[in-house]
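Engineer: The structure follows.
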Number of protein chains: 2
Amino acid sequence: MIENSQLLYQCNDCSFRKLSTLIVAKEEFDTMCRNTVQLQFSKGETIIKQGGRATNLLFLHRGVVKFSYRYDTGSNYIMTIISGPKLVGGANLFFRDINIFSLTAMEECEVCMVDIEDFKRLALSNPAYVLAMIEQAMEMFQHSIFNFISLAHNHVNGRIATVLLYLWDQVYKDSAYNFTVSRKELAEFAACSHENVINTLSRFRREGLIGFEGKKILILNHEALTEISKKG
Amino acid sequence: MIENSQLLYQCNDCSFRKLSTLIVAKEEFDTMCRNTVQLQFSKGETIIKQGGRATNLLFLHRGVVKFSYRYDTGSNYIMTIISGPKLVGGANLFFRDINIFSLTAMEECEVCMVDIEDFKRLALSNPAYVLAMIEQAMEMFQHSIFNFISLAHNHVNGRIATVLLYLWDQVYKDSAYNFTVSRKELAEFAACSHENVINTLSRFRREGLIGFEGKKILILNHEALTEISKKG
DNA sequence: CCTTAAAGATGAAAAATTTCATATTTCAGG
DNA sequence: CCTGAAATATGAAATTTTTCATCTTTAAGG
């Protein structure tokens with residue numbers, strides 16, 4: 001457990017700790033966390049910077065973050081968006097020294113940064129723990145892959161439908177946050193121009209597939225969108 | 001070691017065994033392989049079928065294979081192409097029961113199929129071995145990711161350049177095989193129509209960037225192609 | 001409350017891409 | 001050697017997508 005009087009919340013409530021201590025002893029887990037820091041990030045803040053050193057394993061307690069890749073030309077591509085509580089940093093943190101992507105808070109986020117060496121120390125004495133953590137990280141990866149497949153196969157229509165459904169079903173459903181991703185971010189996620197996103201969203205709204213409530217996006221016809229996501 | 005008088009080749013020469021026994025004892029490795037089978041696949045044969053059960057860890061000794069995803073509509077997308085010797089099946093085999101992709105031989109292939117339960121048994125007693133294997137599998141994954149990023153960001157020009165360079169640098173260079181991927185397969189890899197591949201390859205040839213030698217594709221101007229891969 | 005910047009919206013022109021029609025080449029099998 | 005299927009090639013029409021110009025709305029700061 002983290003020894004700090006100014007903790008944002010108590011480690012007893014931590015879902016990462018609960019999950020981990022199903023496999024490793026509480027004492028072992030708390031030893032791993034002796035260099036761990038709890039951090040808070042506001043909307044738009046960079047948590048991990050592309051090109052920087054990967055020295056921590058990251059657990060997202062609360063909030064929504066995006067993984068993005070930036071080109072020399074300045075354009076961005078969003079690989080995936082996820083909400084906590086979830087282990088992040090399997091793909092780009094586990095076994096690479098340098099971060100491939102940036103990680104940016106899309107909502108107020110609470111994060112624990114575990115020292116990667118402390119994690120490896122525990123991992124080497126607990127093979128089952130490694131397997132469980134990798135499985136966690138893979139889950140996130142698999143979602144990105146299906147998004148990529150949609151990208152490779154579908155036209156913008158289908159790509160935007162896929163992205164909307166993913167965000168609705170996997171990220172914002174049952175979450176305290178509103179589904180309020182900007183058109184520009186949706187464009188970076190669906191890999192098209194932001195004008196195309198704006199047009200497509202307008203059309204989806206005219207057709208009654210989605211609705212707007214202020215900045216919030218609502219899925220009104222899940223089946224029809226699923227159909228578009230698959231076929232078009 | 002596999003006890004079989006009709007082995008395609010001897011386990012003493014196996015690079016998977018050499019790599020593994022840097023970390024685990026020879027006896028442990030050979031115990032893991034007691035249910036392992038050596039198999040040979042001809043060009044076009046399916047090694048692993050999308051939707052089928054994932055019961056084996058796969059080591060590609062020799063040959064070239066493609067990972068592909070098939071839609072209900074019948075269209076294919078090639079996720080990546082790799083050449084042996086390499087561990088395959090990290091992403092779709094390690095921690096999923098059902099294969100997400102198909103694996104198809106693009107050349108004569110020699111493969112060892114290790115029972116996943118036998119692997120897990122060894123893994124649970126050797127955490128360092130898990131880490132090493134995951135790292136192997138991640139390497140392959142990272143290549144797919146950069147290909148996906150090119151897909152998301154570039155026009156067909158750049159995507160085809162990226163794919164050609166990847167195949168030339170990572171798959172066919174220093175290999176006994178010829179770079180003879182069909183236009184249709186290149187299209188499935190670069191996510192565009194095969195006509196577009198044909199046109200683009202013709203243009204690249206006219207501009208002296210690539211050359212054909214029978215069915216074989218040659219990269220003539222690596223720098224120029226790299227430029228296109230980055231900027232276009 | 002005003003000002004300004006950013007986000008959202010719309011339509012037309014330009015560019016990229018796919019589809020389709022058609023032709024040629026290659027290659028395996030009878 | 002012939003034949004048919006598959007791969008390669010080419011060009012034009014149709015479609016999709018981006019780019020650009022312009023405008024409105026929203027949100028934040030002074």
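Letters for chains follow the order of the structure tokens (A, B, ...), residue numbers begin at 1 for each chain, and ligand numbers begin at 1 in the order shown.
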Pull out every residue of chain B that has at least one atom within 9 Å of chain D, counting only C-alpha atoms (C1' of nucleotides), and report them as a PyMOL selection string.

Structural biologist: chain B and resi 182-184+195+198-199

Engineer: Using only C-alpha atoms (C1' of nucleotides) and a distance of at most 10 Å, pull out the residues of chain C that contact chain B, as a PyMOL selection string.

Structural biologist: chain C and resi 16-19

Engineer: With a distance threshold of 7 Å and counting only C-alpha atoms, extract the residues of chain B near chain A and express them as a PyMOL selection string.

Structural biologist: chain B and resi 95+123-128+135+148+152-153+191

Engineer: Next, the residues of the selection above should be written as a PDB file, in the first residue's frame with C-alpha atoms.

Structural biologist:
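Wrote selection-v9.pdb, looks like this:
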ATOM      1  CA  PHE B  95      -4.908 -16.210 -24.275  1.00  0.00           C
ATOM      2  CA  ALA B 123       5.365 -21.173 -18.264  1.00  0.00           C
ATOM      3  CA  LEU B 124       3.961 -21.413 -14.746  1.00  0.00           C
ATOM      4  CA  SER B 125       7.231 -22.756 -13.419  1.00  0.00           C
ATOM      5  CA  ASN B 126       9.366 -20.307 -15.446  1.00  0.00           C
ATOM      6  CA  PRO B 127       8.186 -16.708 -15.342  1.00  0.00           C
ATOM      7  CA  ALA B 128      11.235 -15.490 -17.246  1.00  0.00           C
ATOM      8  CA  GLU B 135       8.349 -10.285 -26.004  1.00  0.00           C
ATOM      9  CA  PHE B 148      -2.191  -0.216 -39.389  1.00  0.00           C
ATOM     10  CA  ALA B 152      -5.066   4.956 -41.173  1.00  0.00           C
ATOM     11  CA  HIS B 153      -2.958   7.868 -42.275  1.00  0.00           C
ATOM     12  CA  ALA B 191      -6.630  -2.486 -47.984  1.00  0.00           C
TER      13      ALA B 191
END

Engineer: To one decimal place, how far is CA of Asp174 in chain B from CA of Ile219 in chain B in Å?

Structural biologist: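 Distance reported for this atom pair: 13.9 Å.
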
Engineer: Would you pick out the contacts of Val111 in chain B at 8 Å or less, using only C-alpha atoms (C1' of nucleotides), so that residues sharing its chain but fewer than 4 positions from it are not included, and give the list as number ranges by chain?

Structural biologist: B: 38-41, 58-62

Engineer: Write out as a PyMOL selection string all residues of range 10-222 of chain B that backbone DSSP assigns to helix (DSSP H, G or I).

Structural biologist: chain B and resi 11-13+15-20+26-35+116-125+127-153+156-172+183-190+194-206+222

Engineer: In chain B, what's strand (DSSP E or B) per DSSP? Answer as a ChimeraX atom specification?

Structural biologist: /B:37-41,46-48,53,56-62,64-70,76-83,86-88,98,102-105,109-115,210-213,216-219

Engineer: What does the structure give for the distance between CA of Leu57 in chain B and CA of Glu28 in chain B, in Å to one decimal?

Structural biologist: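 A separation of 16.3 Å between them.
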